[in-house]
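Here is the file upload.txt (compact mmCIF, C-alpha atoms).
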# COMPACT_ATOMS: atom_id res chain seq x y z
CA MET A 30 145.83 127.26 20.67
CA TYR A 31 143.22 129.80 19.69
CA LYS A 32 143.60 133.13 21.44
CA ALA A 33 140.59 135.37 21.70
CA VAL A 34 142.57 138.36 22.87
CA ASN A 35 145.82 139.99 21.92
CA SER A 36 148.42 138.24 24.08
CA LYS A 37 150.60 141.35 24.27
CA ARG A 38 148.12 143.09 26.56
CA PRO A 39 149.31 143.50 30.16
CA VAL A 40 148.20 140.76 32.52
CA ASN A 41 147.68 141.30 36.23
CA LEU A 42 147.49 138.08 38.17
CA ASP A 43 148.84 139.42 41.46
CA LEU A 44 145.85 138.49 43.59
CA THR A 45 146.90 140.82 46.41
CA THR A 46 146.32 143.79 44.12
CA ILE A 47 142.92 142.61 42.87
CA HIS A 48 139.86 143.14 45.03
CA PHE A 49 136.13 143.37 44.63
CA PRO A 50 134.59 146.81 44.97
CA LEU A 51 132.28 147.16 47.99
CA PRO A 52 129.02 146.98 45.96
CA ALA A 53 130.16 143.59 44.59
CA LEU A 54 130.79 142.35 48.14
CA THR A 55 127.37 143.48 49.38
CA SER A 56 125.81 141.87 46.30
CA ILE A 57 127.40 138.47 46.97
CA ALA A 58 126.57 138.81 50.68
CA HIS A 59 122.94 139.44 49.71
CA ARG A 60 122.95 136.11 47.86
CA ILE A 61 124.77 134.23 50.64
CA THR A 62 122.39 135.54 53.33
CA GLY A 63 119.46 134.55 51.11
CA VAL A 64 120.72 130.96 50.92
CA ILE A 65 121.40 130.94 54.69
CA LEU A 66 117.87 132.19 55.39
CA PHE A 67 116.33 129.51 53.17
CA VAL A 68 118.12 126.76 55.09
CA GLY A 69 117.67 128.49 58.46
CA LEU A 70 113.91 128.66 57.96
CA ILE A 71 113.85 125.10 59.31
CA PHE A 72 114.55 126.59 62.78
CA ALA A 73 112.04 129.41 62.32
CA PHE A 74 109.23 127.05 61.26
CA TRP A 75 110.15 124.65 64.06
CA ALA A 76 109.99 127.47 66.64
CA LEU A 77 106.70 128.79 65.27
CA GLY A 78 105.04 125.36 65.14
CA LYS A 79 106.31 124.27 68.55
CA SER A 80 105.44 127.58 70.26
CA LEU A 81 101.87 127.46 68.89
CA SER A 82 101.33 123.75 69.63
CA SER A 83 100.68 123.99 73.40
CA PRO A 84 101.64 126.00 76.52
CA ALA A 85 104.34 123.39 77.15
CA GLY A 86 105.62 123.79 73.60
CA PHE A 87 105.71 127.57 74.01
CA ASP A 88 107.70 127.18 77.24
CA ALA A 89 110.08 124.74 75.55
CA VAL A 90 110.86 127.29 72.80
CA SER A 91 111.27 130.21 75.21
CA ASP A 92 113.40 128.05 77.49
CA VAL A 93 115.77 126.97 74.71
CA LEU A 94 116.03 130.58 73.46
CA ALA A 95 116.72 131.81 77.01
CA ASN A 96 119.20 129.18 78.16
CA ASN A 97 120.79 127.31 75.26
CA PHE A 98 123.87 129.02 73.83
CA LEU A 99 123.65 127.20 70.48
CA ALA A 100 119.98 128.17 70.07
CA LYS A 101 120.81 131.79 70.89
CA PHE A 102 123.69 131.73 68.43
CA ILE A 103 121.49 130.29 65.65
CA ALA A 104 118.76 132.86 66.42
CA TRP A 105 121.31 135.69 66.32
CA GLY A 106 122.86 134.33 63.12
CA LEU A 107 119.50 134.12 61.38
CA LEU A 108 118.44 137.57 62.61
CA SER A 109 121.78 138.91 61.32
CA ALA A 110 121.31 137.29 57.91
CA LEU A 111 117.74 138.61 57.85
CA ALA A 112 118.89 142.14 58.81
CA PHE A 113 121.49 142.26 56.05
CA HIS A 114 119.18 140.70 53.45
CA PHE A 115 116.45 143.17 54.43
CA VAL A 116 118.71 146.26 54.19
CA ALA A 117 120.33 145.11 50.93
CA GLY A 118 116.83 144.45 49.58
CA ILE A 119 115.77 148.01 50.40
CA LYS A 120 118.89 149.14 48.50
CA HIS A 121 117.65 147.17 45.48
CA LEU A 122 114.21 148.76 45.69
CA LEU A 123 115.86 152.22 45.79
CA MET A 124 117.85 151.36 42.67
CA ASP A 125 114.63 150.17 41.01
CA VAL A 126 113.18 153.64 41.44
CA ASP A 127 116.38 155.21 40.06
CA ILE A 128 117.79 156.50 43.35
CA GLY A 129 121.57 156.67 43.41
CA VAL A 130 122.17 154.74 40.20
CA THR A 131 125.65 156.19 39.65
CA LEU A 132 129.12 154.88 40.42
CA GLU A 133 129.41 157.12 43.50
CA GLY A 134 125.82 156.40 44.53
CA GLY A 135 126.42 152.65 44.26
CA VAL A 136 129.48 152.78 46.53
CA GLN A 137 127.68 155.10 48.94
CA LYS A 138 124.60 152.85 49.15
CA ALA A 139 126.83 149.81 49.71
CA GLN A 140 128.56 151.66 52.58
CA ILE A 141 125.21 152.62 54.10
CA THR A 142 124.04 148.98 53.73
CA VAL A 143 127.08 147.73 55.66
CA VAL A 144 126.75 150.33 58.43
CA VAL A 145 122.97 150.01 58.91
CA SER A 146 123.03 146.21 58.89
CA ALA A 147 126.02 146.19 61.29
CA VAL A 148 123.97 148.30 63.71
CA LEU A 149 120.95 145.98 63.31
CA ILE A 150 123.16 142.90 63.82
CA ILE A 151 124.50 144.36 67.09
CA LEU A 152 120.96 145.22 68.21
CA ALA A 153 119.84 141.68 67.33
CA GLY A 154 122.66 140.34 69.49
CA VAL A 155 121.55 142.56 72.38
CA TRP A 156 117.97 141.31 71.88
CA VAL A 157 118.95 137.63 71.89
CA TRP A 158 121.31 137.86 74.88
CA MET V 9 113.97 133.24 21.19
CA VAL V 10 115.32 131.07 23.97
CA THR V 11 112.79 130.55 26.69
CA ASN V 12 113.75 129.26 30.10
CA ILE V 13 111.44 126.60 31.43
CA THR V 14 112.65 126.66 35.05
CA SER V 15 112.24 130.35 35.89
CA PHE V 16 109.25 131.35 38.02
CA GLY V 17 107.14 133.23 35.47
CA ARG V 18 108.94 132.14 32.26
CA SER V 19 109.88 135.80 31.82
CA GLY V 20 112.64 137.86 33.38
CA LEU V 21 110.42 140.90 33.79
CA SER V 22 107.71 138.85 35.47
CA ASP V 23 110.24 137.28 37.83
CA TRP V 24 111.71 140.69 38.58
CA LEU V 25 108.30 142.08 39.53
CA MET V 26 107.29 139.02 41.58
CA GLN V 27 110.60 139.16 43.45
CA ARG V 28 109.89 142.79 44.41
CA VAL V 29 106.24 142.26 45.34
CA SER V 30 107.07 139.20 47.46
CA ALA V 31 110.00 141.08 49.04
CA VAL V 32 107.72 143.91 50.16
CA ILE V 33 105.19 141.43 51.63
CA LEU V 34 107.97 139.61 53.49
CA ALA V 35 109.47 142.90 54.72
CA VAL V 36 106.11 144.05 56.13
CA TYR V 37 105.51 140.63 57.76
CA THR V 38 109.03 140.61 59.26
CA VAL V 39 108.66 144.12 60.69
CA PHE V 40 105.25 143.17 62.11
CA ILE V 41 106.51 139.99 63.85
CA VAL V 42 109.66 141.69 65.21
CA ALA V 43 107.60 144.68 66.46
CA PHE V 44 105.04 142.35 68.08
CA LEU V 45 107.80 140.46 69.92
CA LEU V 46 109.58 143.69 70.95
CA PHE V 47 106.39 145.30 72.28
CA ASN V 48 105.41 142.13 74.18
CA PRO V 49 108.53 141.19 76.14
CA ASP V 50 106.48 139.14 78.63
CA LEU V 51 104.69 137.21 75.91
CA ASP V 52 102.94 134.00 76.99
CA TYR V 53 101.33 131.13 75.08
CA TYR V 54 97.81 132.57 75.25
CA ALA V 55 98.70 135.97 73.78
CA TRP V 56 100.91 134.32 71.12
CA SER V 57 98.38 131.68 70.04
CA GLY V 58 95.63 134.30 70.39
CA LEU V 59 97.38 136.33 67.69
CA PHE V 60 97.64 133.33 65.36
CA ASN V 61 94.00 132.35 66.02
CA GLN V 62 92.84 135.58 64.39
CA THR V 63 91.62 135.06 60.85
CA TRP V 64 93.44 138.16 59.56
CA MET V 65 96.73 136.92 61.08
CA ARG V 66 96.31 133.51 59.44
CA ILE V 67 95.64 135.14 56.08
CA PHE V 68 98.56 137.56 56.58
CA SER V 69 100.83 134.63 57.51
CA LEU V 70 99.67 132.52 54.56
CA LEU V 71 100.30 135.49 52.26
CA ALA V 72 103.81 135.75 53.71
CA PHE V 73 104.44 131.99 53.26
CA VAL V 74 103.26 132.10 49.63
CA ALA V 75 105.43 135.20 49.05
CA LEU V 76 108.30 133.30 50.68
CA ALA V 77 107.83 130.37 48.29
CA ALA V 78 107.94 132.67 45.23
CA HIS V 79 110.79 134.79 46.61
CA ALA V 80 112.91 131.77 47.56
CA TRP V 81 112.41 130.16 44.18
CA ILE V 82 113.27 133.28 42.15
CA GLY V 83 116.32 134.01 44.30
CA LEU V 84 117.64 130.45 44.43
CA TRP V 85 116.90 129.98 40.73
CA THR V 86 119.07 133.02 40.02
CA VAL V 87 121.87 131.71 42.23
CA THR V 88 121.76 128.17 40.83
CA THR V 89 121.63 129.30 37.19
CA ASP V 90 124.59 131.63 37.83
CA TYR V 91 126.91 129.18 39.55
CA LEU V 92 125.89 125.62 38.59
CA LYS V 93 126.93 125.24 34.98
CA SER V 94 126.35 121.49 34.77
CA THR V 95 122.73 121.01 33.70
CA ARG V 96 122.42 117.70 35.53
CA LEU V 97 123.69 119.14 38.82
CA ARG V 98 121.69 122.36 38.48
CA VAL V 99 118.37 120.66 37.75
CA GLY V 100 119.05 118.19 40.56
CA VAL V 101 119.73 120.97 43.07
CA GLN V 102 116.72 122.92 41.79
CA ALA V 103 114.52 119.86 42.29
CA VAL V 104 115.67 119.61 45.91
CA ILE V 105 114.98 123.35 46.36
CA ILE V 106 111.45 123.01 44.95
CA LEU V 107 110.81 120.07 47.27
CA GLY V 108 112.10 122.16 50.20
CA ILE V 109 109.83 125.08 49.27
CA PHE V 110 106.87 122.70 49.03
CA VAL V 111 107.67 121.26 52.47
CA TYR V 112 107.89 124.78 53.97
CA LEU V 113 104.57 125.74 52.42
CA VAL V 114 102.73 122.63 53.66
CA TRP V 115 104.45 122.93 57.06
CA GLY V 116 103.38 126.58 57.31
CA ILE V 117 99.75 125.80 56.42
CA GLN V 118 99.76 122.97 58.95
CA ILE V 119 101.06 125.33 61.67
CA LEU V 120 98.42 127.93 60.86
CA TRP V 121 95.42 125.60 60.60
CA GLY V 122 96.72 122.45 62.28
CA ALA V 123 95.76 120.99 65.63
Show me this structure written as structure tokens.
Amino acid sequence: MYKAVNSKRPVNLDLTTIHFPLPALTSIAHRITGVILFVGLIFAFWALGKSLSSPAGFDAVSDVLANNFLAKFIAWGLLSALAFHFVAGIKHLLMDVDIGVTLEGGVQKAQITVVVSAVLIILAGVWVW
Amino acid sequence: MVTNITSFGRSGLSDWLMQRVSAVILAVYTVFIVAFLLFNPDLDYYAWSGLFNQTWMRIFSLLAFVALAAHAWIGLWTVTTDYLKSTRLRVGVQAVIILGIFVYLVWGIQILWGA
């Protein structure tokens, strides 16, 4: 078998000692929330169309958002995904203008992203419930 | 030079810029909608539809929906090209995504100018 690397190099396959750095986790979460938002847009477009269709349609949307647990949960989930995607996007724009493009800066910005979006997710929950 | 025929602008730099421009439009639209809902806790149908009957709001919304179409395609193109290595599967999934984006766009236009 062809070996591209020197087989005598140390190998670490103990998965409990391997972990992604925080910026990698926020990066993958940015992608996951993007996919969630794309699918979840079905609910957003439904709510917008229904609420604008007639006074009865508007009442139907506000009623389901006020009384249906599943609807509230979906709304909170989508707002949470949106909050994280938004904050992580701002982080990208900061990197585009060369702010904090260092190893320390990257970890710091990832930490700020997690904290700020966690606060927004809690606030979104308060808003929905 | 290898050119990619499925990317949004056929150029990485163009896609990069479009992703940023569309992101800023979507961010402004999101903040506007959330602020409008927060500042109008007792919103009723007439105030809500009154907002969307304004020409500027329809144009703003259409701009956001077009930005959404571009943003979704660039983002999902990146994700699918990174993780779906089988060309058949990737192009199939991308076709479904494009159809979905088209449906959202037509749906959005219908909401804005429909009955």
Next item on the list: Pull out every residue of chain V sitting within 6 Å of chain A, counting only C-alpha atoms, and send them as an MDAnalysis selection string.
Entry: chainID V and resid 53 57 119
Would you put the residues from that selection into a file with C-alpha atoms, as a short mmCIF file (atom, residue, chain, number, x, y, z; two decimals), keeping the file's coordinate frame?
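What landed in part_32.cif:
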data_model
loop_
_atom_site.label_atom_id
_atom_site.label_comp_id
_atom_site.auth_asym_id
_atom_site.auth_seq_id
_atom_site.Cartn_x
_atom_site.Cartn_y
_atom_site.Cartn_z
CA TYR V 53 101.33 131.13 75.08
CA SER V 57 98.38 131.68 70.04
CA ILE V 119 101.06 125.33 61.67
#
Notebook entry, point to check: Of the candidates A:Ala100, A:Val144, A:Gln137, A:Ser109, which shows the shortest atom-to-atom distance to A:Leu51, using all atoms listed in the file?
Noted result: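 Checking each of A:Ala100, A:Val144, A:Gln137, A:Ser109 against A:Leu51, counting all atoms listed in the file, the winner is A:Gln137.
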Check: So, counting all atoms listed in the file, which residue among V:Leu25, V:Met65, V:Ala55, V:Ile109 is closest to V:Phe40?
Finding: V:Met65
Margin query: Between atom CA of V:Arg18 and atom CA of V:Ala103, what is the distance in Å, rounded to a tenth?
Written below: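 Between these atoms lies a distance of 16.8 Å.
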Item checked: Contacts of stretch 146-155 of chain A at 12 Å (all atoms listed in the file; same-chain gap of 3+ positions) as a VMD selection string -> (chain A and resid 55 58 to 59 101 to 120 138 to 143 158) or (chain V and resid 42 46)
Margin query: Give me the residues near V:Ala72 as a PyMOL selection string, where near means some atom within 7 Å (using only C-alpha atoms) and where sequence neighbours in that chain fewer than 6 positions away do not count.
Written below: chain V and resi 33-34+37
Quick one: residues within 10 Å of V:Gly20, all atoms listed in the file, excluding same-chain residues fewer than 5 positions away - as a compact mmCIF listing (two decimals) with C-alpha atoms, keeping the file's coordinate frame?
# COMPACT_ATOMS: atom_id res chain seq x y z
CA THR V 11 112.79 130.55 26.69
CA ASN V 12 113.75 129.26 30.10
CA SER V 15 112.24 130.35 35.89
CA LEU V 25 108.30 142.08 39.53
CA MET V 26 107.29 139.02 41.58
CA ILE V 82 113.27 133.28 42.15
Check: In Å, how far is it from atom CA of V:Val74 to atom CA of V:Ser30?
Finding: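 Interatomic distance, atom CA of V:Val74 to atom CA of V:Ser30: 8.3 Å.
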Check: What is the distance, in Å and to one decimal place, between atom CA of V:Phe110 and atom CA of V:Ser94?
Finding: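 Result for atom CA of V:Phe110 versus atom CA of V:Ser94: 24.2 Å, one decimal.
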